[in-house]
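Source file coords_19.cif; content: mmCIF, C-alpha atoms.
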```cif
data_input
#
loop_
_atom_site.group_PDB
_atom_site.id
_atom_site.type_symbol
_atom_site.label_atom_id
_atom_site.label_comp_id
_atom_site.auth_asym_id
_atom_site.auth_seq_id
_atom_site.Cartn_x
_atom_site.Cartn_y
_atom_site.Cartn_z
ATOM 1 C CA VAL B 1 -7.804 26.361 66.268
ATOM 2 C CA GLN B 2 -8.160 22.749 67.359
ATOM 3 C CA VAL B 3 -6.968 19.959 65.054
ATOM 4 C CA GLY B 4 -7.022 16.250 65.773
ATOM 5 C CA CYS B 5 -4.058 13.947 66.220
ATOM 6 C CA GLY B 6 -3.039 12.170 63.004
ATOM 7 C CA GLN B 7 -4.868 14.585 60.717
ATOM 8 C CA ASN B 8 -3.557 15.964 57.432
ATOM 9 C CA VAL B 9 -3.829 19.761 57.692
ATOM 10 C CA LEU B 10 -3.438 22.390 54.978
ATOM 11 C CA LEU B 11 -2.560 25.924 56.097
ATOM 12 C CA ILE B 12 -3.286 28.644 53.526
ATOM 13 C CA TRP B 13 -1.441 31.887 54.156
ATOM 14 C CA SER B 14 -0.908 35.295 52.616
ATOM 15 C CA SER B 15 1.457 38.164 53.439
ATOM 16 C CA CYS B 16 2.345 37.888 57.137
ATOM 17 C CA PRO B 17 5.461 38.008 59.356
ATOM 18 C CA GLU B 18 7.658 34.932 58.910
ATOM 19 C CA ASP B 19 8.150 34.297 62.628
ATOM 20 C CA THR B 20 4.382 34.393 63.218
ATOM 21 C CA LEU B 21 3.791 31.891 60.393
ATOM 22 C CA LEU B 22 6.486 29.507 61.723
ATOM 23 C CA SER B 23 5.073 29.593 65.236
ATOM 24 C CA VAL B 24 1.600 28.664 63.938
ATOM 25 C CA VAL B 25 3.071 25.795 61.896
ATOM 26 C CA GLU B 26 4.979 24.424 64.905
ATOM 27 C CA GLU B 27 1.858 24.573 67.027
ATOM 28 C CA LEU B 28 -0.124 22.647 64.402
ATOM 29 C CA ARG B 29 2.596 19.996 64.031
ATOM 30 C CA ARG B 30 2.600 19.351 67.763
ATOM 31 C CA ALA B 31 -1.191 18.951 67.622
ATOM 32 C CA VAL B 32 -1.276 16.444 64.737
ATOM 33 C CA GLY B 33 1.712 14.437 66.011
ATOM 34 C CA ASP B 34 4.002 12.169 64.029
ATOM 35 C CA LYS B 35 1.152 10.401 62.242
ATOM 36 C CA GLY B 36 -0.258 13.663 60.851
ATOM 37 C CA SER B 37 1.111 16.260 58.490
ATOM 38 C CA VAL B 38 0.955 20.029 58.024
ATOM 39 C CA GLN B 39 1.346 21.518 54.553
ATOM 40 C CA LEU B 40 1.673 25.202 53.611
ATOM 41 C CA GLU B 41 0.151 26.829 50.537
ATOM 42 C CA ASN B 42 0.007 30.466 49.528
ATOM 43 C CA THR B 43 -3.471 31.707 48.684
ATOM 44 C CA GLU B 44 -2.305 32.847 45.244
ATOM 45 C CA ARG B 45 -0.813 29.426 44.426
ATOM 46 C CA LEU B 46 -3.554 27.165 45.714
ATOM 47 C CA LEU B 47 -5.301 26.759 42.353
ATOM 48 C CA LEU B 48 -1.933 25.862 40.762
ATOM 49 C CA GLY B 49 -0.886 23.408 43.455
ATOM 50 C CA ALA B 50 -2.623 20.359 41.919
ATOM 51 C CA HIS B 51 -3.470 18.802 45.276
ATOM 52 C CA ARG B 52 -5.182 15.430 45.122
ATOM 53 C CA GLU B 53 -8.871 15.440 45.929
ATOM 54 C CA SER B 54 -9.936 14.343 49.419
ATOM 55 C CA SER B 55 -6.408 14.848 50.796
ATOM 56 C CA PHE B 56 -6.992 16.816 54.016
ATOM 57 C CA GLU B 57 -9.165 16.473 57.083
ATOM 58 C CA THR B 58 -8.781 20.167 57.944
ATOM 59 C CA VAL B 59 -8.037 23.281 55.881
ATOM 60 C CA LEU B 60 -7.110 26.529 57.652
ATOM 61 C CA THR B 61 -7.028 29.896 55.906
ATOM 62 C CA GLY B 62 -6.548 33.416 57.236
ATOM 63 C CA ILE B 63 -5.705 32.348 60.795
ATOM 64 C CA VAL B 64 -2.191 33.822 60.776
ATOM 65 C CA SER B 65 -2.367 37.381 62.177
ATOM 66 C CA PRO B 66 -2.793 39.963 60.849
ATOM 67 C CA SER B 67 -5.424 38.202 58.731
ATOM 68 C CA ALA B 68 -6.593 40.057 55.623
ATOM 69 C CA ILE B 69 -7.401 37.186 53.253
ATOM 70 C CA ILE B 70 -10.671 37.390 51.292
ATOM 71 C CA THR B 71 -11.325 33.865 50.082
ATOM 72 C CA THR B 72 -12.729 33.925 46.563
ATOM 73 C CA ASP B 73 -15.363 31.548 45.214
ATOM 74 C CA PRO B 74 -12.862 29.522 43.101
ATOM 75 C CA ILE B 75 -10.667 29.001 46.172
ATOM 76 C CA LEU B 76 -13.653 27.858 48.231
ATOM 77 C CA THR B 77 -14.516 25.384 45.465
ATOM 78 C CA GLU B 78 -10.937 24.082 45.373
ATOM 79 C CA ILE B 79 -10.891 23.667 49.155
ATOM 80 C CA ALA B 80 -14.118 21.650 48.943
ATOM 81 C CA ARG B 81 -12.451 19.414 46.347
ATOM 82 C CA ILE B 82 -9.312 18.650 48.398
ATOM 83 C CA LEU B 83 -11.182 18.175 51.671
ATOM 84 C CA LYS B 84 -12.139 14.644 52.665
ATOM 85 C CA PRO B 85 -15.843 13.880 53.121
ATOM 86 C CA GLY B 86 -16.770 15.294 56.517
ATOM 87 C CA GLY B 87 -13.611 17.449 56.504
ATOM 88 C CA ARG B 88 -13.574 20.830 58.230
ATOM 89 C CA LEU B 89 -12.817 24.307 56.903
ATOM 90 C CA VAL B 90 -11.792 27.013 59.359
ATOM 91 C CA MET B 91 -11.133 30.455 57.974
ATOM 92 C CA ARG B 92 -10.979 34.047 59.132
ATOM 93 C CA GLU B 93 -12.168 36.725 56.759
ATOM 94 C CA PRO B 94 -12.931 40.460 57.005
ATOM 95 C CA THR B 95 -16.601 41.339 56.523
ATOM 96 C CA CYS B 96 -18.535 44.594 56.485
ATOM 97 C CA PRO B 97 -22.124 45.826 56.282
ATOM 98 C CA VAL B 98 -23.631 45.695 52.804
ATOM 99 C CA GLY B 99 -22.368 48.458 50.511
ATOM 100 C CA THR B 100 -19.773 49.998 52.834
ATOM 101 C CA VAL B 101 -16.590 48.505 51.304
ATOM 102 C CA THR B 102 -16.148 47.496 47.671
ATOM 103 C CA ASN B 103 -15.555 43.794 46.906
ATOM 104 C CA MET B 104 -16.078 42.737 50.513
ATOM 105 C CA ARG B 105 -18.884 40.428 51.619
ATOM 106 C CA SER B 106 -21.252 40.822 54.525
ATOM 107 C CA MET B 107 -21.748 37.985 57.005
ATOM 108 C CA ASP B 108 -25.010 36.918 55.373
ATOM 109 C CA SER B 109 -23.442 36.995 51.907
ATOM 110 C CA LEU B 110 -20.469 34.952 53.133
ATOM 111 C CA LYS B 111 -22.737 32.305 54.631
ATOM 112 C CA THR B 112 -24.790 32.136 51.435
ATOM 113 C CA THR B 113 -21.623 31.725 49.356
ATOM 114 C CA LEU B 114 -20.444 28.832 51.519
ATOM 115 C CA THR B 115 -23.822 27.123 51.241
ATOM 116 C CA LEU B 116 -23.911 27.468 47.451
ATOM 117 C CA THR B 117 -20.350 26.125 47.247
ATOM 118 C CA GLY B 118 -21.478 22.938 48.995
ATOM 119 C CA TYR B 119 -20.518 23.382 52.648
ATOM 120 C CA VAL B 120 -22.792 22.391 55.509
ATOM 121 C CA ASN B 121 -23.060 23.149 59.237
ATOM 122 C CA THR B 122 -21.707 26.650 58.671
ATOM 123 C CA LYS B 123 -21.108 28.826 61.747
ATOM 124 C CA LEU B 124 -19.891 32.445 61.812
ATOM 125 C CA ASP B 125 -18.556 34.278 64.875
ATOM 126 C CA VAL B 126 -17.125 37.797 65.151
ATOM 127 C CA ILE B 127 -13.646 37.717 66.723
ATOM 128 C CA SER B 128 -13.012 40.209 69.511
ATOM 129 C CA GLN B 129 -9.709 42.072 69.030
ATOM 130 C CA THR B 130 -7.558 44.210 71.284
ATOM 131 C CA GLU B 131 -6.878 47.780 70.274
ATOM 132 C CA GLU B 132 -3.414 46.862 68.962
ATOM 133 C CA GLU B 133 -4.721 43.818 67.065
ATOM 134 C CA ARG B 134 -7.469 45.937 65.584
ATOM 135 C CA LYS B 135 -4.969 48.557 64.468
ATOM 136 C CA GLN B 136 -2.652 46.005 62.824
ATOM 137 C CA PHE B 137 -5.632 44.326 61.150
ATOM 138 C CA CYS B 138 -6.927 47.586 59.629
ATOM 139 C CA LEU B 139 -3.413 48.590 58.490
ATOM 140 C CA ALA B 140 -2.857 45.250 56.742
ATOM 141 C CA LEU B 141 -6.248 45.395 55.055
ATOM 142 C CA ALA B 142 -5.780 49.036 53.990
ATOM 143 C CA LYS B 143 -2.317 48.269 52.583
ATOM 144 C CA GLN B 144 -3.739 45.402 50.577
ATOM 145 C CA ARG B 145 -6.411 47.685 49.068
ATOM 146 C CA ASN B 146 -4.264 50.853 48.796
ATOM 147 C CA VAL B 147 -6.684 52.916 50.910
ATOM 148 C CA ALA B 148 -6.469 54.757 54.209
ATOM 149 C CA ALA B 149 -6.855 52.720 57.394
ATOM 150 C CA GLU B 150 -9.821 54.889 58.431
ATOM 151 C CA ALA B 151 -11.776 53.423 55.503
ATOM 152 C CA MET B 152 -11.729 50.031 57.259
ATOM 153 C CA SER B 153 -13.478 51.294 60.413
ATOM 154 C CA ASN B 154 -16.673 49.298 59.685
ATOM 155 C CA VAL B 155 -14.832 46.046 58.925
ATOM 156 C CA SER B 156 -15.063 43.109 61.348
ATOM 157 C CA LEU B 157 -12.988 39.931 61.488
ATOM 158 C CA VAL B 158 -15.161 36.826 61.337
ATOM 159 C CA GLU B 159 -14.172 33.230 62.024
ATOM 160 C CA VAL B 160 -16.036 30.681 59.911
ATOM 161 C CA ALA B 161 -16.344 26.971 60.612
ATOM 162 C CA ALA B 162 -17.899 24.786 57.919
ATOM 163 C CA GLU B 163 -17.853 21.128 56.885
ATOM 164 C CA LYS B 164 -17.808 19.209 53.660
ATOM 165 C CA PRO B 165 -20.748 16.772 53.320
ATOM 166 C CA GLN B 166 -20.191 13.081 54.006
ATOM 167 C CA TYR B 167 -19.804 12.284 50.308
ATOM 168 C CA GLU B 168 -17.525 13.171 47.436
ATOM 169 C CA VAL B 169 -18.287 16.003 45.040
ATOM 170 C CA GLY B 170 -20.290 14.561 42.137
ATOM 171 C CA ALA B 171 -21.068 11.281 43.918
ATOM 172 C CA SER B 172 -24.265 9.472 42.948
ATOM 173 C CA SER B 173 -26.357 6.794 44.570
ATOM 174 C CA ALA B 174 -29.258 4.687 43.353
ATOM 175 C CA LEU B 175 -32.525 5.334 45.158
ATOM 176 C CA PRO B 176 -34.392 2.255 46.441
ATOM 177 C CA LEU B 177 -37.406 2.752 44.192
ATOM 178 C CA SER B 178 -39.601 -0.110 43.040
ATOM 179 C CA PHE B 179 -42.312 0.310 40.421
ATOM 180 C CA ALA B 180 -43.329 -3.364 40.442
ATOM 181 C CA LYS B 181 -46.956 -4.030 41.296
ATOM 182 C CA GLN B 182 -47.132 -5.542 44.759
ATOM 183 C CA LYS B 183 -49.640 -8.268 45.467
ATOM 184 C CA ALA B 184 -52.019 -7.620 48.313
ATOM 185 C CA THR B 185 -52.013 -10.135 51.136
ATOM 186 C CA PRO B 186 -55.258 -11.937 52.060
ATOM 187 C CA GLN B 187 -55.419 -9.957 55.298
ATOM 188 C CA ALA B 188 -55.099 -6.665 53.414
ATOM 189 C CA LYS B 189 -57.879 -7.694 50.983
ATOM 190 C CA SER B 190 -60.139 -8.636 53.894
ATOM 191 C CA ASP B 191 -59.537 -5.306 55.638
ATOM 192 C CA ALA B 192 -60.234 -3.390 52.415
ATOM 193 C CA GLN B 193 -63.533 -5.210 51.892
ATOM 194 C CA GLN B 194 -64.622 -4.537 55.466
ATOM 195 C CA ASN B 195 -63.765 -0.853 55.170
ATOM 196 C CA ALA B 196 -65.616 -0.591 51.872
ATOM 197 C CA GLY B 197 -68.697 -2.237 53.367
ATOM 198 C CA ALA B 198 -68.629 0.046 56.399
ATOM 199 C CA VAL B 199 -69.009 3.084 54.156
ATOM 200 C CA TRP B 200 -72.468 1.961 53.052
ATOM 201 C CA THR B 201 -73.594 0.580 56.425
ATOM 202 C CA LEU B 202 -76.110 2.649 58.400
ATOM 203 C CA ALA B 203 -76.548 2.095 62.087
ATOM 204 C CA ALA B 204 -79.974 2.169 63.738
ATOM 205 C CA ASN B 205 -79.134 5.486 65.414
ATOM 206 C CA ASP B 206 -78.469 7.087 62.031
ATOM 207 C CA LEU B 207 -82.178 7.020 61.132
ATOM 208 C CA VAL B 208 -83.815 8.546 64.220
ATOM 209 C CA ASP B 209 -86.890 10.422 62.948
ATOM 210 C CA GLU B 210 -86.400 13.370 65.287
ATOM 211 C CA GLU B 211 -82.873 13.995 64.047
ATOM 212 C CA VAL B 212 -83.306 13.371 60.291
ATOM 213 C CA ASP B 213 -84.625 16.212 58.101
ATOM 214 C CA LEU B 214 -86.818 14.661 55.408
ATOM 215 C CA MET B 215 -87.692 16.594 52.243
ATOM 216 C CA ASP B 216 -91.326 16.850 51.128
ATOM 217 C CA ALA B 217 -91.675 14.916 47.877
ATOM 218 C CA ASP B 218 -94.351 17.345 46.575
ATOM 219 C CA THR B 219 -91.841 20.209 46.569
ATOM 220 C CA LEU B 220 -89.704 18.356 44.039
ATOM 221 C CA LEU B 221 -92.367 18.731 41.305
ATOM 222 C CA ASP B 222 -93.346 22.012 39.639
ATOM 223 C CA GLU B 223 -96.463 22.837 37.577
ATOM 224 C CA ASP B 224 -94.952 21.625 34.308
ATOM 225 C CA ASP B 225 -94.218 18.230 35.841
ATOM 226 C CA LEU B 226 -97.870 17.856 36.925
ATOM 227 C CA LYS B 227 -99.299 18.583 33.466
ATOM 228 C CA LYS B 228 -100.720 15.616 31.562
ATOM 229 C CA PRO B 229 -98.676 15.005 28.443
ATOM 230 C CA ASP B 230 -100.244 15.336 24.978
ATOM 231 C CA PRO B 231 -101.111 11.830 23.671
ATOM 232 C CA SER B 232 -99.929 12.787 20.204
ATOM 233 C CA THR B 233 -96.424 13.358 21.494
ATOM 234 C CA LEU B 234 -96.403 9.869 22.989
ATOM 235 C CA ARG B 235 -96.986 8.128 19.705
ATOM 236 C CA VAL B 236 -94.218 5.685 18.793
ATOM 237 C CA CYS B 237 -93.537 3.406 15.891
ATOM 238 C CA GLY B 238 -94.977 -0.072 16.216
ATOM 239 C CA THR B 239 -91.819 -1.568 14.687
ATOM 240 C CA THR B 240 -89.023 0.335 16.414
ATOM 241 C CA GLY B 241 -90.889 1.018 19.672
ATOM 242 C CA LYS B 242 -89.499 4.596 19.581
ATOM 243 C CA ARG B 243 -90.709 7.936 18.297
ATOM 244 C CA LYS B 244 -88.752 7.315 15.144
ATOM 245 C CA ALA B 245 -90.251 6.136 11.874
ATOM 246 C CA CYS B 246 -89.028 2.887 10.393
ATOM 247 C CA LYS B 247 -87.746 2.569 6.824
ATOM 248 C CA ASN B 248 -91.067 1.566 5.260
ATOM 249 C CA CYS B 249 -93.385 3.533 7.563
ATOM 250 C CA SER B 250 -97.078 3.118 6.756
ATOM 251 C CA CYS B 251 -98.679 4.330 9.980
ATOM 252 C CA GLY B 252 -98.214 8.035 9.227
ATOM 253 C CA LEU B 253 -95.533 8.683 11.852
ATOM 254 C CA ALA B 254 -92.988 9.588 9.186
ATOM 255 C CA GLU B 255 -95.264 12.319 7.785
ATOM 256 C CA GLU B 256 -96.027 13.572 11.295
ATOM 257 C CA LEU B 257 -92.361 13.871 12.191
ATOM 258 C CA ALA B 258 -91.614 15.552 8.861
ATOM 259 C CA GLY B 259 -94.327 18.143 9.577
ATOM 260 C CA GLU B 260 -92.877 18.857 13.030
ATOM 261 C CA ALA B 261 -89.416 19.319 11.556
ATOM 262 C CA LYS B 262 -90.816 21.701 8.930
ATOM 263 C CA GLN B 263 -92.575 23.785 11.576
ATOM 264 C CA ASP B 264 -89.448 23.960 13.724
ATOM 265 C CA SER B 265 -87.227 25.036 10.829
ATOM 266 C CA LYS B 266 -87.024 28.782 10.386
ATOM 267 C CA PRO B 267 -85.672 30.461 7.273
ATOM 268 C CA THR B 268 -82.317 32.087 7.790
ATOM 269 C CA SER B 269 -81.105 35.368 6.346
ATOM 270 C CA ALA B 270 -77.831 35.540 4.432
ATOM 271 C CA CYS B 271 -77.625 39.345 4.151
ATOM 272 C CA GLY B 272 -79.209 40.345 7.450
ATOM 273 C CA SER B 273 -81.510 42.937 5.760
ATOM 274 C CA CYS B 274 -84.607 40.800 5.252
ATOM 275 C CA TYR B 275 -86.552 42.498 8.046
ATOM 276 C CA LEU B 276 -86.340 45.906 6.233
ATOM 277 C CA GLY B 277 -88.735 44.954 3.421
ATOM 278 C CA ASP B 278 -88.734 43.828 -0.212
ATOM 279 C CA ALA B 279 -86.652 46.815 -1.304
ATOM 280 C CA PHE B 280 -83.728 45.380 0.639
ATOM 281 C CA ARG B 281 -84.317 41.676 -0.080
ATOM 282 C CA CYS B 282 -82.592 39.573 -2.727
ATOM 283 C CA ALA B 283 -84.401 37.461 -5.358
ATOM 284 C CA SER B 284 -84.028 34.241 -3.349
ATOM 285 C CA CYS B 285 -85.043 35.755 0.007
ATOM 286 C CA PRO B 286 -87.402 33.451 1.947
ATOM 287 C CA TYR B 287 -89.263 36.549 3.223
ATOM 288 C CA LEU B 288 -89.919 37.937 -0.280
ATOM 289 C CA GLY B 289 -93.462 39.338 -0.459
ATOM 290 C CA MET B 290 -93.837 39.635 3.322
ATOM 291 C CA PRO B 291 -94.106 42.990 5.098
ATOM 292 C CA ALA B 292 -91.193 44.459 7.040
ATOM 293 C CA PHE B 293 -90.776 43.236 10.620
ATOM 294 C CA LYS B 294 -88.562 43.735 13.622
ATOM 295 C CA PRO B 295 -85.382 41.631 13.937
ATOM 296 C CA GLY B 296 -86.211 38.361 15.690
ATOM 297 C CA GLU B 297 -89.967 38.853 15.343
ATOM 298 C CA GLN B 298 -91.999 35.896 14.087
ATOM 299 C CA VAL B 299 -93.804 36.836 10.864
ATOM 300 C CA LYS B 300 -97.531 36.013 10.823
ATOM 301 C CA LEU B 301 -99.891 36.741 7.931
ATOM 302 C CA SER B 302 -103.547 37.533 8.527
ATOM 303 C CA VAL B 303 -106.422 35.760 6.768
ATOM 304 C CA ARG B 304 -106.991 38.844 4.559
ATOM 305 C CA GLN B 305 -103.400 38.764 3.371
ATOM 306 C CA LEU B 306 -103.643 35.066 2.556
ATOM 307 C CA ARG B 307 -106.816 35.610 0.457
ATOM 308 C CA ALA B 308 -106.195 35.847 -3.286
ATOM 309 C CA ASP B 309 -106.906 39.162 -5.031
ATOM 310 C CA SER B 310 -110.153 39.182 -6.998
#
```
Take the structure I supplied and represent it as C-alpha cells, if you would.
Amino acid sequence: VQVGCGQNVLLIWSSCPEDTLLSVVEELRRAVGDKGSVQLENTERLLLGAHRESSFETVLTGIVSPSAIITTDPILTEIARILKPGGRLVMREPTCPVGTVTNMRSMDSLKTTLTLTGYVNTKLDVISQTEEERKQFCLALAKQRNVAAEAMSNVSLVEVAAEKPQYEVGASSALPLSFAKQKATPQAKSDAQQNAGAVWTLAANDLVDEEVDLMDADTLLDEDDLKKPDPSTLRVCGTTGKRKACKNCSCGLAEELAGEAKQDSKPTSACGSCYLGDAFRCASCPYLGMPAFKPGEQVKLSVRQLRADS
C-alpha cells in the first residue's frame, strides 16, 4: 500500500501475529518520513478512541495478513469522520457470493455500502493469493466464526480503495441563486421584437398557388346555414337594441318572449308515474285528465278531445 511522505496514517488491525504487525508499521513509518505519523488502533476500540475529525490523510484496515476483518457500517462512518477531505481509505475485506456465508457482504453490496456511507471513487479488486496464503486466510476467518475452514471455500479477499469527498461531513454552501428581475438590454429588446415580427412575416414563396391547398368556401356551409332566418326571430327591442324586452315594453316583445318561454317549459313529474294514467297520478299532477303515454313522449290532444261534452 502506497502512502505519501508527511501523511498522517491510521492503521486499524485485528488479531494477527505481532511480528507481522510491527513489520507493517515500520514500513509505513519509513514511507511517511519524519514529518508524518503512523497510529495504531484496534478495530474493536476505534469507536471508543475519540479521534479528532479530519485527522488522517490515509486510513488502512485489514492489510495485515492474515486479514479477516469485516468492517461494519458504524466503523466505516467513523473512518469517514476522521479522514480529511479528499483522504483515502484502503481496506481488505473477505467477500462471498450472495447468500453463501452469513453476515458477509458480496462485492456489489460492499460497494453500495461505501457509497451510502459517503465515499466516492470506489474501486474493488480481488487479491490473488498463494496456496499457503489462501490456507492461512481461510483458517483465520473460520476461527473467527467458529466454523470449519471448508465453509470458507467461496470467500474471496478484496482490496477496496475509496476517497472521502472534498468537503467535511455536514458542510453547507450557499448556491448562487438570484430571483431579482433582470432588466433587458436594448439589444435584447430589439432582437426579441425582430424575432416576434418574423413569426408573422410571410415570404413571397410561401404563397405559390401550385403549392398551397386552398379550401372551398362553399364546403364550410351546410343546409341549415343557407336557410333564410324567420323574420319573427329577428325582432329586437327598439330601446335596448336586443331581443330582450325593456322594463316598460309596449311593442309586444315582452308578451312574445313570455309565450316562447311558456311553450318551451315542460311540466315535470315528481313521482315518475304520470305516464301510467290518472289512477297513478296525484291531485296536483300537471298531466291530470290526460291519457296514458310512453315515458318521454310529447302529449298531444286531438280536436275531439278538446271539444266540450254536450
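Among the candidate residues B:Val236, B:Lys111, B:Glu159, B:Glu57, the one lying nearest to B:Gly252 is B:Val236, with distances computed using all atoms listed in the file.
Across the model, the gap from atom CA of B:Cys282 to atom CA of B:Ala258 is 28.2 Å.
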Ref. answer, residues at most 12 Å from (-92.6, -0.1, 15.0) with only C-alpha atoms, as a list in words: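 Using only C-alpha atoms, the matching residues come out as Arg235, Val236, Cys237, Gly238, Thr239, Thr240, Gly241, Lys242, Arg243, Lys244, Ala245, Cys246, Lys247, Asn248, Cys249, Ser250, Cys251, Gly252, Leu253 and Ala254 of chain B.
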Keeping only C-alpha atoms, write those residues as a compact mmCIF listing (two decimals), in the frame of the given file.
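This is the output file out.txt:
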```txt
# COMPACT_ATOMS: atom_id res chain seq x y z
CA ARG B 235 -96.99 8.13 19.70
CA VAL B 236 -94.22 5.68 18.79
CA CYS B 237 -93.54 3.41 15.89
CA GLY B 238 -94.98 -0.07 16.22
CA THR B 239 -91.82 -1.57 14.69
CA THR B 240 -89.02 0.34 16.41
CA GLY B 241 -90.89 1.02 19.67
CA LYS B 242 -89.50 4.60 19.58
CA ARG B 243 -90.71 7.94 18.30
CA LYS B 244 -88.75 7.32 15.14
CA ALA B 245 -90.25 6.14 11.87
CA CYS B 246 -89.03 2.89 10.39
CA LYS B 247 -87.75 2.57 6.82
CA ASN B 248 -91.07 1.57 5.26
CA CYS B 249 -93.38 3.53 7.56
CA SER B 250 -97.08 3.12 6.76
CA CYS B 251 -98.68 4.33 9.98
CA GLY B 252 -98.21 8.04 9.23
CA LEU B 253 -95.53 8.68 11.85
CA ALA B 254 -92.99 9.59 9.19
```
d(atom CA of B:Val64, atom CA of B:Asp34) in Å: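 A separation of 22.8 Å between them.
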Expansion of the PyMOL selection byres ((chain B and resi 138) around 8) into residues, as a ChimeraX atom specification: /B:134-137,139-142,149-150,152-153
With C-alpha atoms retained, write the just-selected residues as an mmCIF file, keeping the file's coordinate frame.
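The resulting out-v9.cif:
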```cif
data_model
loop_
_atom_site.group_PDB
_atom_site.id
_atom_site.type_symbol
_atom_site.label_atom_id
_atom_site.label_comp_id
_atom_site.auth_asym_id
_atom_site.auth_seq_id
_atom_site.Cartn_x
_atom_site.Cartn_y
_atom_site.Cartn_z
ATOM 1 C CA ARG B 134 -7.469 45.937 65.584
ATOM 2 C CA LYS B 135 -4.969 48.557 64.468
ATOM 3 C CA GLN B 136 -2.652 46.005 62.824
ATOM 4 C CA PHE B 137 -5.632 44.326 61.150
ATOM 5 C CA LEU B 139 -3.413 48.590 58.490
ATOM 6 C CA ALA B 140 -2.857 45.250 56.742
ATOM 7 C CA LEU B 141 -6.248 45.395 55.055
ATOM 8 C CA ALA B 142 -5.780 49.036 53.990
ATOM 9 C CA ALA B 149 -6.855 52.720 57.394
ATOM 10 C CA GLU B 150 -9.821 54.889 58.431
ATOM 11 C CA MET B 152 -11.729 50.031 57.259
ATOM 12 C CA SER B 153 -13.478 51.294 60.413
#
```
Two-atom distance - atom CA of B:Val9, atom CA of B:Ala171 (Å):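 Result for atom CA of B:Val9 versus atom CA of B:Ala171: 23.6 Å, one decimal.
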6 Å contact set for B:Gly86, all atoms listed in the file, chain neighbours under 4 positions out, as a PyMOL selection string: chain B and resi 163-166
Those residues you just picked out, can you put them in a file as a PDB file, keeping the file's coordinate frame with C-alpha atoms?
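Output (out17.pdb):
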```
ATOM      1  CA  GLU B 163     -17.853  21.128  56.885  1.00  0.00           C
ATOM      2  CA  LYS B 164     -17.808  19.209  53.660  1.00  0.00           C
ATOM      3  CA  PRO B 165     -20.748  16.772  53.320  1.00  0.00           C
ATOM      4  CA  GLN B 166     -20.191  13.081  54.006  1.00  0.00           C
TER       5      GLN B 166
END
```
Ground truth for the PyMOL selection byres ((chain B and resi 155) around 9), written as a ChimeraX atom specification: /B:94-97,100-101,138,151-154,156-157
Could you write those residues out with C-alpha atoms, as an mmCIF file, in the frame of the given file?
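Heads up, here's the output in result-v6.cif:
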```
data_model
loop_
_atom_site.group_PDB
_atom_site.id
_atom_site.type_symbol
_atom_site.label_atom_id
_atom_site.label_comp_id
_atom_site.auth_asym_id
_atom_site.auth_seq_id
_atom_site.Cartn_x
_atom_site.Cartn_y
_atom_site.Cartn_z
ATOM 1 C CA PRO B 94 -12.931 40.460 57.005
ATOM 2 C CA THR B 95 -16.601 41.339 56.523
ATOM 3 C CA CYS B 96 -18.535 44.594 56.485
ATOM 4 C CA PRO B 97 -22.124 45.826 56.282
ATOM 5 C CA THR B 100 -19.773 49.998 52.834
ATOM 6 C CA VAL B 101 -16.590 48.505 51.304
ATOM 7 C CA CYS B 138 -6.927 47.586 59.629
ATOM 8 C CA ALA B 151 -11.776 53.423 55.503
ATOM 9 C CA MET B 152 -11.729 50.031 57.259
ATOM 10 C CA SER B 153 -13.478 51.294 60.413
ATOM 11 C CA ASN B 154 -16.673 49.298 59.685
ATOM 12 C CA SER B 156 -15.063 43.109 61.348
ATOM 13 C CA LEU B 157 -12.988 39.931 61.488
#
```
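Residues matched by the PyMOL selection byres ((chain B and resi 285) around 12) in this file are Pro267, Thr268, Ser269, Ala270, Cys271, Gly272, Ser273, Cys274, Tyr275, Leu276, Gly277, Asp278, Ala279, Phe280, Arg281, Cys282, Ala283, Ser284, Pro286, Tyr287, Leu288, Gly289 and Met290 of chain B.
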Export, as a short mmCIF file (atom, residue, chain, number, x, y, z; two decimals), in the coordinates of the input, the selected residues with C-alpha atoms.
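To be explicit, this is the file written out as again21.cif:
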```cif
data_model
loop_
_atom_site.label_atom_id
_atom_site.label_comp_id
_atom_site.auth_asym_id
_atom_site.auth_seq_id
_atom_site.Cartn_x
_atom_site.Cartn_y
_atom_site.Cartn_z
CA PRO B 267 -85.67 30.46 7.27
CA THR B 268 -82.32 32.09 7.79
CA SER B 269 -81.10 35.37 6.35
CA ALA B 270 -77.83 35.54 4.43
CA CYS B 271 -77.62 39.34 4.15
CA GLY B 272 -79.21 40.34 7.45
CA SER B 273 -81.51 42.94 5.76
CA CYS B 274 -84.61 40.80 5.25
CA TYR B 275 -86.55 42.50 8.05
CA LEU B 276 -86.34 45.91 6.23
CA GLY B 277 -88.74 44.95 3.42
CA ASP B 278 -88.73 43.83 -0.21
CA ALA B 279 -86.65 46.82 -1.30
CA PHE B 280 -83.73 45.38 0.64
CA ARG B 281 -84.32 41.68 -0.08
CA CYS B 282 -82.59 39.57 -2.73
CA ALA B 283 -84.40 37.46 -5.36
CA SER B 284 -84.03 34.24 -3.35
CA PRO B 286 -87.40 33.45 1.95
CA TYR B 287 -89.26 36.55 3.22
CA LEU B 288 -89.92 37.94 -0.28
CA GLY B 289 -93.46 39.34 -0.46
CA MET B 290 -93.84 39.64 3.32
#
```
Near-B:Glu44 list (10 Å; all atoms listed in the file; drop same-chain fewer than 4 positions) as a list in words: Ile12, Trp13, Ser14, Leu48, Gly49 and Ile75 of chain B
